[in-house]
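Chemist: Below you will find the structure I want to go over with you.
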Amino acid sequence: MTANAHALAAYNQRKGFLSWLWTWLSTVDHKRIAILYLFGGGLFFVIGGIEALLIRIQLAVPQNDFLVGSTYNEVVTMHGTTMIFLAAMPLVFAMMNAVVPLQIGARDVAFPFVNALGFWLFFLGGIVLNTSWFLGGAPAGGWTAYAPLTTEFLGTGSDFYLLGLQLSGAGTLMGAINFMVTIINMRAPGMTFMRMPLFTWTSLITSTLILFAFPPLTVGFFLEFFDHIFHANFFNTAKGGNAIIFEHIFWIFGHPEVYILVLPAFGIISEVVATFSKKRLFGYTSMVFATVLIGFLSFMVWVHHMFTVGLGPMANSLFALATMTIAVPTGMKIFNWLFTMWGGQIHFTTANLFAVGFVPTFVMGGVTGVMLAVPSADSQYHDSYFVIAHFHYVIIGGVVFGLLAGLFYWWPKMFGKILNETLGKITFWTFFIGFHLTFFPQHFLGLIGMPRRYFTYFPDEGFNTWNLISSIGAIGMAIGAIVLVINIVITTAKGQKAAGDAWGIGRTLEWSIPSPPPEYNFAQTPLVKGIDTFWKEKMEGNKKVTPAEPLGDIHMPNPTILPFLMSIALTIAAYGFIFANQTSASRPLCLVIAAFGIGLMLLLMLIHSIKDDPGFHYHKEEIIEIEKGAE
Amino acid sequence: MSGANHVDIRTLSHPETATLEGKNKFLGFWFFLGGETVLFGTLFATFIALRNRVATGPSSQELFSLPLTFLSTIILLVSSLTSVFAVLAMKEYKIRQMQLWFWLTVVLGLAFLGLEITEFKEYVHEGLGYTTSAFSSSFYTLVGTHGCHVLFGVLWISALMIQSYKKGITTVTAPKYYVSALYWHFIDVVWVFIFTIVYLLGILGG
Ligand code: HEM
Ligand SMILES: [Cu+2]
């Protein structure tokens, strides 16, 4: 009996809910991990969205008392933190997991085990952070968690923030290394770097940015954590500490982070626009170049978040220039998308609507970005609603529109069914109009002086109308999101089945295999002949991509529960540290629990090191069966 | 993927990168060290910014002693050398020699840790607690993080060596031995920076 038959037999014995749960907890298949990221990130997106609605209810009318004082601070903090770290990041990873291995013709990622570990750390980190609501109050120091506010003046919510994000950050870092190695080492024969689809390129650059941007964040959070829990003095001025260090560390991470989020969105837009214009992407080489350049520059501009700190005219001017430089490669991209559409046969599917809507919206965010990059002007804009408007134009108009385009585009590949287009278009229009209604007025609010993070305003400040419009717009976005959920439910129940080449005009390798793909992705590793190799083959009259190897047995890794258990171990450690700070009586016990969690982690690592996974094989005959069934 | 199984492993001059899995581990570990470099870079930057902020506590000139840290440095440098010998032995499939060199590395690592603990105890005795000043916090955090890395390396190499008696040198184990040695060099390089920036600069005053 082969290992695979064993696995199958074991599977059949444990039917029902538990076995279903077990398969998801122990999966190392990147396609399943993609689904986990999608639903995990989706869950937090809903939570963050509800928080956003609460904010907008409070601000809809002047002197409202719906959410005041520290409750408002908690909601604002959790909204920003959740959206950035627990919604946008994992949704990017969902897309990368679902698509990148398929686009490069690989059967798997480089480190399936680490990939699973990355997901579970992210997810449990998010849970730890969100349990703060029930265990003594959420963090309230803003998503930027500046010191000494977070380290000296706020309660235990800060510990949930620091340790929860430490967990999910570690997961993100692992995911990034996995994708870098996957893309560099596991490309199919003929898939040279300059033939890689743009989404794969942007995933590679984003992963590189994560690798260099997340360790500073890890250190920054550790320093705050030591200050808060062990009374270190990094940011304690009374004993020689310096709080500005934290701002530097945070933004050395923080600015690359926004490009970590938006680069994959750029990649998605490049795929969607090209496919639905039935044209090759215009200026492929310059797109790659622009991506790399943006990645590089993103580490040179962090001080634009600190213009008002007072680092001096020299520092401010240099960083202002560096910041404005980023507009150049970004502009290149915008023109390339426009030229791709130019003269193409444009299909306005929902995915493409989001892509087309993305372009002007993101440009508007870019324009306000350049305005903010002028230090003297920024002294006026800083910490006002103008900034809020700016980053929502780039984050929602850029990242979220990109992710939604990718979701509609690749949903059939992930789940084998096409999302309903009518409902999809309703989502697009309500979300698009709602978005502009919500955030366009915030530009004016900022310019006439409304500060961010304040929980209310007086009726005679001239803020009333714009705020009311903004809150009404938020309803539009909420409707769009609800329709999307309905769409997902309906499609899952009785959606139209998707073909391998779901849109009929796919260009890249993921469309050359069944939807959803079999566990091993490619029965035979494909031979890549150029950019958009699948399109090339179709133009030559071939239905399938030329294989690079004869049909043979395929080796796959076994599922394992260890990544999940390791994440649990670290979660225990995190809670130990968090509660060590709550009452001094239980402090020693809590520290022991934290040590236990770390010890458990080391033990599990040892077990992983001792137990080599032999994996299992799909046999040639099985593969022939599966491939027949898929047609 | 595992075609190398059919070849006599002894004909491979690089057992650590003979399989795709091995190659992945190799590259992935280099990237991991890239991230670690940034991590230590941030800690160094913080230390440099805070190293003269001693508040009411003792300063580095009053505390550090060159002979002691010099000894630590020598020990760690030699341990890097022994791990090189271990990897050379691995490439020639001399398992006994490899084990010997790696065990020696572990012993030197433990000696280093012993010295570090005595040193920290001494400083605490002289009034430099973790919470004394910004300097003390950043000093203990930077050097302590390095110490934790050494400890982890000791545990890791020991775990690999214990297994090596049963598993030998194969295309599965060779990448692990290799990568652990790489890690060991990395913490050695970090120590060289600690020695210059924390101790030498600290004693000279600069
Ligand atoms: C992926 C989507 C989103 C992301 C990544 C995001 C991110 C952020 C971030 C980072 C902040 C700053 C929080 C702070 O300064 O502490 C923020 C603030 C805010 N967000 Fe969002 N957001 C998203 C969606 C939304 C939506 C859908 C709405 C409304 C319907 C919204 C409304 C607000 C408001 C009103 C604030 C201002 C809070 C304040 O500073 O007073 N956001 N958002
Ligand atoms: Cu920025």
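Following the order of the structure tokens, chains are lettered A, B, ..., residues in each are numbered from 1, and ligands are numbered from 1.
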As a list of chain:residue names, please: every protein or nucleic acid residue near ligand 2 (cut-off 9 Å, counting only C-alpha atoms and all ligand atoms).
Modeler: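 Written in the requested form, the residues are A:Trp251, A:Gly254, A:His255, A:Pro256, A:Glu257, A:Val258, A:Tyr259, A:Ser298, A:Val301, A:Trp302, A:Val303, A:His304, A:His305, A:Thr323, A:Gly369.
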Chemist: Suppose we keep N, CA and C atoms; can you now write the selection as an mmCIF file, in the first residue's frame?
Modeler:
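selection.cif written:
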```
data_model
loop_
_atom_site.group_PDB
_atom_site.id
_atom_site.type_symbol
_atom_site.label_atom_id
_atom_site.label_comp_id
_atom_site.auth_asym_id
_atom_site.auth_seq_id
_atom_site.Cartn_x
_atom_site.Cartn_y
_atom_site.Cartn_z
ATOM 1 N N TRP A 251 8.321 53.744 10.922
ATOM 2 C CA TRP A 251 8.106 54.158 9.531
ATOM 3 C C TRP A 251 9.112 53.546 8.574
ATOM 4 N N GLY A 254 6.950 51.108 8.060
ATOM 5 C CA GLY A 254 5.617 51.534 7.646
ATOM 6 C C GLY A 254 5.525 51.980 6.214
ATOM 7 N N HIS A 255 6.518 52.728 5.744
ATOM 8 C CA HIS A 255 6.372 53.131 4.357
ATOM 9 C C HIS A 255 6.530 51.967 3.382
ATOM 10 N N PRO A 256 7.588 51.141 3.504
ATOM 11 C CA PRO A 256 7.622 49.954 2.632
ATOM 12 C C PRO A 256 6.325 49.148 2.712
ATOM 13 N N GLU A 257 5.733 49.105 3.899
ATOM 14 C CA GLU A 257 4.500 48.336 4.056
ATOM 15 C C GLU A 257 3.421 48.763 3.058
ATOM 16 N N VAL A 258 3.283 50.070 2.814
ATOM 17 C CA VAL A 258 2.208 50.460 1.895
ATOM 18 C C VAL A 258 2.519 49.953 0.488
ATOM 19 N N TYR A 259 3.809 49.865 0.144
ATOM 20 C CA TYR A 259 4.138 49.312 -1.168
ATOM 21 C C TYR A 259 4.072 47.797 -1.168
ATOM 22 N N SER A 298 11.132 52.670 -1.949
ATOM 23 C CA SER A 298 10.213 52.687 -0.814
ATOM 24 C C SER A 298 10.952 52.660 0.525
ATOM 25 N N VAL A 301 12.178 56.777 1.981
ATOM 26 C CA VAL A 301 11.260 57.918 2.083
ATOM 27 C C VAL A 301 10.544 58.013 3.422
ATOM 28 N N TRP A 302 10.946 57.185 4.401
ATOM 29 C CA TRP A 302 10.089 57.074 5.578
ATOM 30 C C TRP A 302 9.897 58.381 6.332
ATOM 31 N N VAL A 303 10.880 59.313 6.213
ATOM 32 C CA VAL A 303 10.778 60.532 7.008
ATOM 33 C C VAL A 303 9.601 61.415 6.579
ATOM 34 N N HIS A 304 9.003 61.131 5.386
ATOM 35 C CA HIS A 304 7.855 61.976 5.033
ATOM 36 C C HIS A 304 6.687 61.780 5.997
ATOM 37 N N HIS A 305 6.742 60.755 6.829
ATOM 38 C CA HIS A 305 5.721 60.629 7.878
ATOM 39 C C HIS A 305 6.103 61.429 9.108
ATOM 40 N N THR A 323 10.761 61.196 -2.000
ATOM 41 C CA THR A 323 9.349 60.828 -2.066
ATOM 42 C C THR A 323 8.745 61.173 -3.422
ATOM 43 N N GLY A 369 -0.661 62.468 -2.549
ATOM 44 C CA GLY A 369 0.612 62.020 -1.978
ATOM 45 C C GLY A 369 1.730 62.999 -2.291
#
```
Chemist: Mind running chain A against ligand 1 at 8 Å and telling me each contacting residue's nearest atom pair with the distance in Å (one decimal), counting only C-alpha atoms and all ligand atoms, chain and number ascending, as a Markdown table?
Modeler:
```
| residue | atom | partner | partner_atom_place_in_ligand_line | distance |
| --- | --- | --- | --- | --- |
| A:Phe45 | CA | ligand 1 | 1 (C) | 7.0 |
| A:Gly48 | CA | ligand 1 | 24 (C) | 7.4 |
| A:Gly49 | CA | ligand 1 | 27 (C) | 5.5 |
| A:Ala52 | CA | ligand 1 | 32 (C) | 4.6 |
| A:Leu53 | CA | ligand 1 | 30 (C) | 5.5 |
| A:Ile55 | CA | ligand 1 | 35 (C) | 5.6 |
| A:Arg56 | CA | ligand 1 | 35 (C) | 5.6 |
| A:Leu59 | CA | ligand 1 | 35 (C) | 7.9 |
| A:Asn73 | CA | ligand 1 | 16 (O) | 7.9 |
| A:Val76 | CA | ligand 1 | 16 (O) | 5.2 |
| A:Thr77 | CA | ligand 1 | 16 (O) | 4.6 |
| A:Met78 | CA | ligand 1 | 16 (O) | 7.7 |
| A:His79 | CA | ligand 1 | 43 (N) | 6.3 |
| A:Gly80 | CA | ligand 1 | 9 (C) | 3.7 |
| A:Thr81 | CA | ligand 1 | 10 (C) | 6.4 |
| A:Thr82 | CA | ligand 1 | 5 (C) | 7.9 |
| A:Met83 | CA | ligand 1 | 5 (C) | 4.3 |
| A:Ile84 | CA | ligand 1 | 5 (C) | 4.6 |
| A:Ala87 | CA | ligand 1 | 1 (C) | 6.6 |
| A:Ala88 | CA | ligand 1 | 1 (C) | 5.6 |
| A:Gly141 | CA | ligand 1 | 16 (O) | 7.5 |
| A:Gly142 | CA | ligand 1 | 16 (O) | 3.8 |
| A:Trp143 | CA | ligand 1 | 16 (O) | 4.6 |
| A:Thr144 | CA | ligand 1 | 16 (O) | 6.8 |
| A:Tyr385 | CA | ligand 1 | 40 (O) | 7.4 |
| A:Ile388 | CA | ligand 1 | 37 (C) | 6.1 |
| A:Phe391 | CA | ligand 1 | 8 (C) | 7.4 |
| A:His392 | CA | ligand 1 | 22 (N) | 6.1 |
| A:Ile395 | CA | ligand 1 | 5 (C) | 5.6 |
| A:Ile396 | CA | ligand 1 | 2 (C) | 5.2 |
| A:Val399 | CA | ligand 1 | 1 (C) | 7.1 |
| A:Val400 | CA | ligand 1 | 1 (C) | 5.6 |
| A:Phe435 | CA | ligand 1 | 30 (C) | 7.5 |
| A:Thr438 | CA | ligand 1 | 30 (C) | 6.7 |
| A:Pro451 | CA | ligand 1 | 41 (O) | 7.7 |
| A:Arg452 | CA | ligand 1 | 40 (O) | 4.2 |
| A:Arg453 | CA | ligand 1 | 41 (O) | 3.4 |
| A:Tyr454 | CA | ligand 1 | 41 (O) | 5.7 |
| A:Phe455 | CA | ligand 1 | 41 (O) | 6.9 |
| A:Ser471 | CA | ligand 1 | 30 (C) | 7.3 |
| A:Gly473 | CA | ligand 1 | 30 (C) | 7.2 |
| A:Ala474 | CA | ligand 1 | 30 (C) | 4.0 |
| A:Ile475 | CA | ligand 1 | 30 (C) | 7.1 |
| A:Met477 | CA | ligand 1 | 30 (C) | 6.3 |
| A:Ala478 | CA | ligand 1 | 30 (C) | 7.1 |
```
Chemist: Residues of range 5-62 of chain B that approach range 230-233 of chain A to 12 Å or less, counting only C-alpha atoms: could you list each one with the shortest pair of atoms and its distance in Å to one decimal, rows by chain and increasing residue number, as CSV?
Modeler:
```
residue,atom,partner,partner_atom,distance
B:Thr46,CA,A:Asn233,CA,11.6
B:Phe47,CA,A:Asn233,CA,11.8
B:Leu50,CA,A:Asn233,CA,9.8
B:Arg51,CA,A:Asn233,CA,12.0
B:Arg53,CA,A:Asn233,CA,10.0
B:Val54,CA,A:Asn233,CA,10.4
B:Ala55,CA,A:Asn233,CA,10.2
```
Chemist: Atoms to include: N, CA and C atoms. Write the selected residues as a tab-separated table (two decimals), in the first residue's frame.
Modeler:
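Now in selection26.tsv:
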```tsv
chain	number	residue	atom	x	y	z
B	46	THR	N	19.67	51.32	17.48
B	46	THR	CA	19.09	51.77	18.74
B	46	THR	C	20.17	51.90	19.81
B	47	PHE	N	21.05	50.90	19.86
B	47	PHE	CA	22.11	50.94	20.87
B	47	PHE	C	23.00	52.16	20.67
B	50	LEU	N	21.55	55.25	21.95
B	50	LEU	CA	21.31	55.34	23.40
B	50	LEU	C	22.53	55.03	24.24
B	51	ARG	N	23.69	54.80	23.61
B	51	ARG	CA	24.78	54.22	24.40
B	51	ARG	C	25.39	55.19	25.42
B	53	ARG	N	23.38	57.40	27.04
B	53	ARG	CA	22.29	57.84	27.92
B	53	ARG	C	22.28	56.98	29.17
B	54	VAL	N	23.20	57.26	30.09
B	54	VAL	CA	23.37	56.36	31.23
B	54	VAL	C	22.54	56.75	32.45
B	55	ALA	N	21.83	57.87	32.35
B	55	ALA	CA	21.04	58.35	33.50
B	55	ALA	C	21.91	58.39	34.75
```
Chemist: With a cut-off of 7 Å and counting only C-alpha atoms, select all residues of chain A in contact with chain B and give the selection as a list in words.
Modeler: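 Therefore, the residues near the partner are Ala110, Ile177, Val181, Asn185, Leu211, Phe212, Pro215, Pro216, Val219, His231, Ala232, Asn233, Phe234, Lys239, Gly240 and Gly241 of chain A.
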Chemist: Tell me, which residues of range 389-596 of chain A carry DSSP alpha helix (DSSP H), written as a ChimeraX atom specification?
Modeler: /A:389-394,401-415,421-447,464-494,533-539,562-580,587-596
Chemist: List the spatial neighbours of range 84-94 of chain B as a list of chain:residue names - criterion: any atom at most 9 Å away, only C-alpha atoms, same-chain residues fewer than 3 positions off excluded.
Modeler: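 Surrounding residues, per the criterion: B:Arg10, B:Leu12, B:Ser13, B:His14, B:Pro15, B:Glu16, B:Ser79, B:Ser80, B:Leu81, B:Gln97, B:Met98, B:Gln99, B:Leu100, B:Trp101, B:Phe102, B:Thr105, B:Gly168, B:Ile169, B:Ala174, B:Tyr177, B:Tyr178, B:Ala181, B:His185.
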Chemist: Leaving out Phe112 in chain B and any residue of its chain fewer than 3 positions from it, which residues lie within 9 Å of it when counting only C-alpha atoms, given as a list in words?
Modeler: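 The residues that qualify are Leu71, Ser72, Thr73, Ile75, Leu76, Val107, Leu108, Gly109, Leu115, Glu116, Ile117, Gly147 and Val150 of chain B.
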Chemist: Just want the 12 Å neighbourhood of Thr533 in chain A, counted on only C-alpha atoms, with same-chain residues fewer than 4 positions away dropped. Output as a short mmCIF file (atom, residue, chain, number, x, y, z; two decimals) with N, CA, C and O atoms, in the first residue's frame.
Modeler:
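Full text of result.cif as output:
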```cif
data_model
loop_
_atom_site.label_atom_id
_atom_site.label_comp_id
_atom_site.auth_asym_id
_atom_site.auth_seq_id
_atom_site.Cartn_x
_atom_site.Cartn_y
_atom_site.Cartn_z
N GLN A 103 1.24 30.23 -11.89
CA GLN A 103 1.77 31.07 -12.96
C GLN A 103 3.18 30.70 -13.37
O GLN A 103 3.59 30.99 -14.49
N ILE A 104 3.94 30.09 -12.47
CA ILE A 104 5.30 29.73 -12.84
C ILE A 104 5.41 28.25 -13.19
O ILE A 104 6.50 27.73 -13.38
N GLY A 105 4.30 27.56 -13.26
CA GLY A 105 4.32 26.15 -13.65
C GLY A 105 4.91 25.24 -12.59
O GLY A 105 5.54 24.24 -12.91
N ALA A 188 9.14 26.72 -14.03
CA ALA A 188 9.17 25.65 -15.02
C ALA A 188 10.26 25.96 -16.06
O ALA A 188 10.65 27.12 -16.21
N PRO A 189 10.73 24.94 -16.78
CA PRO A 189 11.74 25.17 -17.80
C PRO A 189 11.25 26.23 -18.80
O PRO A 189 10.10 26.18 -19.24
N GLY A 190 12.12 27.17 -19.15
CA GLY A 190 11.75 28.21 -20.11
C GLY A 190 11.15 29.45 -19.47
O GLY A 190 11.06 30.49 -20.11
N MET A 191 10.72 29.34 -18.19
CA MET A 191 10.14 30.50 -17.52
C MET A 191 11.28 31.36 -16.98
O MET A 191 11.62 31.31 -15.81
N THR A 192 11.89 32.16 -17.87
CA THR A 192 12.97 33.03 -17.41
C THR A 192 12.36 34.17 -16.62
O THR A 192 11.14 34.37 -16.65
N ARG A 195 10.14 36.44 -18.45
CA ARG A 195 8.90 35.91 -19.01
C ARG A 195 7.85 35.74 -17.93
O ARG A 195 6.76 35.25 -18.19
N MET A 196 8.22 36.06 -16.69
CA MET A 196 7.28 35.85 -15.59
C MET A 196 6.11 36.82 -15.71
O MET A 196 6.30 37.99 -15.99
N PRO A 197 4.90 36.34 -15.44
CA PRO A 197 3.75 37.24 -15.43
C PRO A 197 3.96 38.36 -14.40
O PRO A 197 4.66 38.16 -13.41
N ARG A 280 -1.44 41.89 -25.27
CA ARG A 280 -0.29 41.73 -24.39
C ARG A 280 -0.12 43.00 -23.57
O ARG A 280 -0.43 44.08 -24.05
N GLY A 506 -7.72 33.54 -21.35
CA GLY A 506 -6.59 33.54 -20.42
C GLY A 506 -5.27 33.55 -21.17
O GLY A 506 -5.16 33.01 -22.27
N ARG A 507 -4.27 34.16 -20.59
CA ARG A 507 -2.98 34.29 -21.26
C ARG A 507 -1.88 33.52 -20.56
O ARG A 507 -0.89 33.12 -21.17
N THR A 508 -2.01 33.35 -19.25
CA THR A 508 -0.90 32.81 -18.48
C THR A 508 -1.18 31.37 -18.05
O THR A 508 -2.30 30.88 -18.19
N LEU A 509 -0.15 30.70 -17.48
CA LEU A 509 -0.21 29.26 -17.27
C LEU A 509 -1.35 28.79 -16.37
O LEU A 509 -1.82 27.66 -16.54
N GLU A 510 -1.78 29.62 -15.42
CA GLU A 510 -2.81 29.11 -14.50
C GLU A 510 -4.09 28.73 -15.24
O GLU A 510 -4.85 27.89 -14.78
N TRP A 511 -4.31 29.32 -16.43
CA TRP A 511 -5.54 29.01 -17.16
C TRP A 511 -5.41 27.76 -18.01
O TRP A 511 -6.38 27.32 -18.62
N SER A 512 -4.22 27.16 -18.06
CA SER A 512 -4.02 25.98 -18.90
C SER A 512 -4.34 24.69 -18.16
O SER A 512 -4.26 23.61 -18.73
N PRO A 526 5.03 22.23 -17.50
CA PRO A 526 4.95 22.84 -18.83
C PRO A 526 6.29 23.38 -19.31
O PRO A 526 7.18 23.67 -18.51
N LEU A 527 6.38 23.52 -20.61
CA LEU A 527 7.56 24.15 -21.22
C LEU A 527 7.14 25.55 -21.63
O LEU A 527 6.19 25.72 -22.39
N VAL A 528 7.84 26.55 -21.11
CA VAL A 528 7.42 27.93 -21.35
C VAL A 528 8.18 28.50 -22.55
O VAL A 528 9.39 28.40 -22.63
N LYS A 529 7.41 29.09 -23.47
CA LYS A 529 8.05 29.55 -24.72
C LYS A 529 8.10 31.06 -24.84
O LYS A 529 8.63 31.58 -25.83
N GLU A 537 0.43 29.44 -27.25
CA GLU A 537 0.08 28.09 -27.67
C GLU A 537 -1.30 28.08 -28.34
O GLU A 537 -1.52 27.41 -29.34
N LYS A 538 -2.23 28.85 -27.74
CA LYS A 538 -3.58 28.88 -28.31
C LYS A 538 -3.55 29.48 -29.71
O LYS A 538 -4.23 29.02 -30.62
N MET A 539 -2.74 30.50 -29.90
CA MET A 539 -2.64 31.14 -31.22
C MET A 539 -2.04 30.17 -32.24
O MET A 539 -2.33 30.24 -33.43
N GLU A 540 -1.20 29.24 -31.74
CA GLU A 540 -0.64 28.25 -32.65
C GLU A 540 -1.58 27.08 -32.84
O GLU A 540 -1.22 26.08 -33.45
N ASN A 542 -2.86 25.10 -30.46
CA ASN A 542 -2.78 24.04 -29.46
C ASN A 542 -3.79 24.29 -28.35
O ASN A 542 -4.01 25.43 -27.96
N LYS A 544 -3.38 22.65 -25.43
CA LYS A 544 -2.63 22.51 -24.18
C LYS A 544 -1.24 23.07 -24.35
O LYS A 544 -0.74 23.20 -25.47
N VAL A 545 -0.62 23.34 -23.21
CA VAL A 545 0.75 23.83 -23.24
C VAL A 545 1.69 22.65 -23.47
O VAL A 545 1.45 21.55 -22.95
N THR A 546 2.74 22.86 -24.24
CA THR A 546 3.71 21.80 -24.49
C THR A 546 4.35 21.37 -23.17
O THR A 546 4.81 22.22 -22.41
N PRO A 547 4.35 20.06 -22.87
CA PRO A 547 4.98 19.63 -21.63
C PRO A 547 6.50 19.57 -21.74
O PRO A 547 7.04 19.43 -22.83
#
```
Chemist: Which residues are near Gly42 in chain A? Cut-off 12 Å, only C-alpha atoms, ignore same chain within fewer than 6 positions. Put them as a list of chain:residue names.
Modeler: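 In the requested form, the answer reads A:Ala34, A:Ile35, A:Leu36, A:Gly48, A:Gly49, A:Thr82, A:Met83, A:Leu86, A:Ala87, A:Ala88, A:Met89, A:Pro90, A:Leu91, A:Val92, A:Phe93, A:Ala94, A:Phe123, A:Val400, A:Leu403, A:Leu404, A:Leu407, A:Ala481, A:Leu484, A:Val485, A:Ile488.
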Chemist: Could you work out how far CA of Pro62 in chain A lies from CA of Asn467 in chain A, giving the answer in Å with one decimal?
Modeler: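 CA of Asn467 in chain A sits 8.7 Å away from CA of Pro62 in chain A.
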Chemist: Between A:Met174, A:Ile294, A:Ala523, A:Ile554, which has the minimum distance to Leu121 in chain A (counting only C-alpha atoms)?
Modeler: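 Checking each candidate against Leu121 in chain A, we get A:Met174 as the closest.
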Chemist: Please provide as number ranges by chain all residues within 9 Å of Pro101 in chain A, with the sequence filter that same-chain residues fewer than 2 positions apart are discarded (counting only C-alpha atoms).
Modeler: A: 30, 96-99, 103-109, 179, 182-183, 186-187, 200, 510, 521
Chemist: Have a look at CA of Ile260 in chain A and CA of Leu43 in chain A and let me know their distance in Å, one decimal.
Modeler: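 That distance, rounded to one decimal, is 20.9 Å.
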Chemist: Measure the distance from CA of Gly344 in chain A to CA of Trp535 in chain A in Å and round it to one decimal.
Modeler: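 If I compute the distance from CA of Gly344 in chain A to CA of Trp535 in chain A, I get 15.4 Å.
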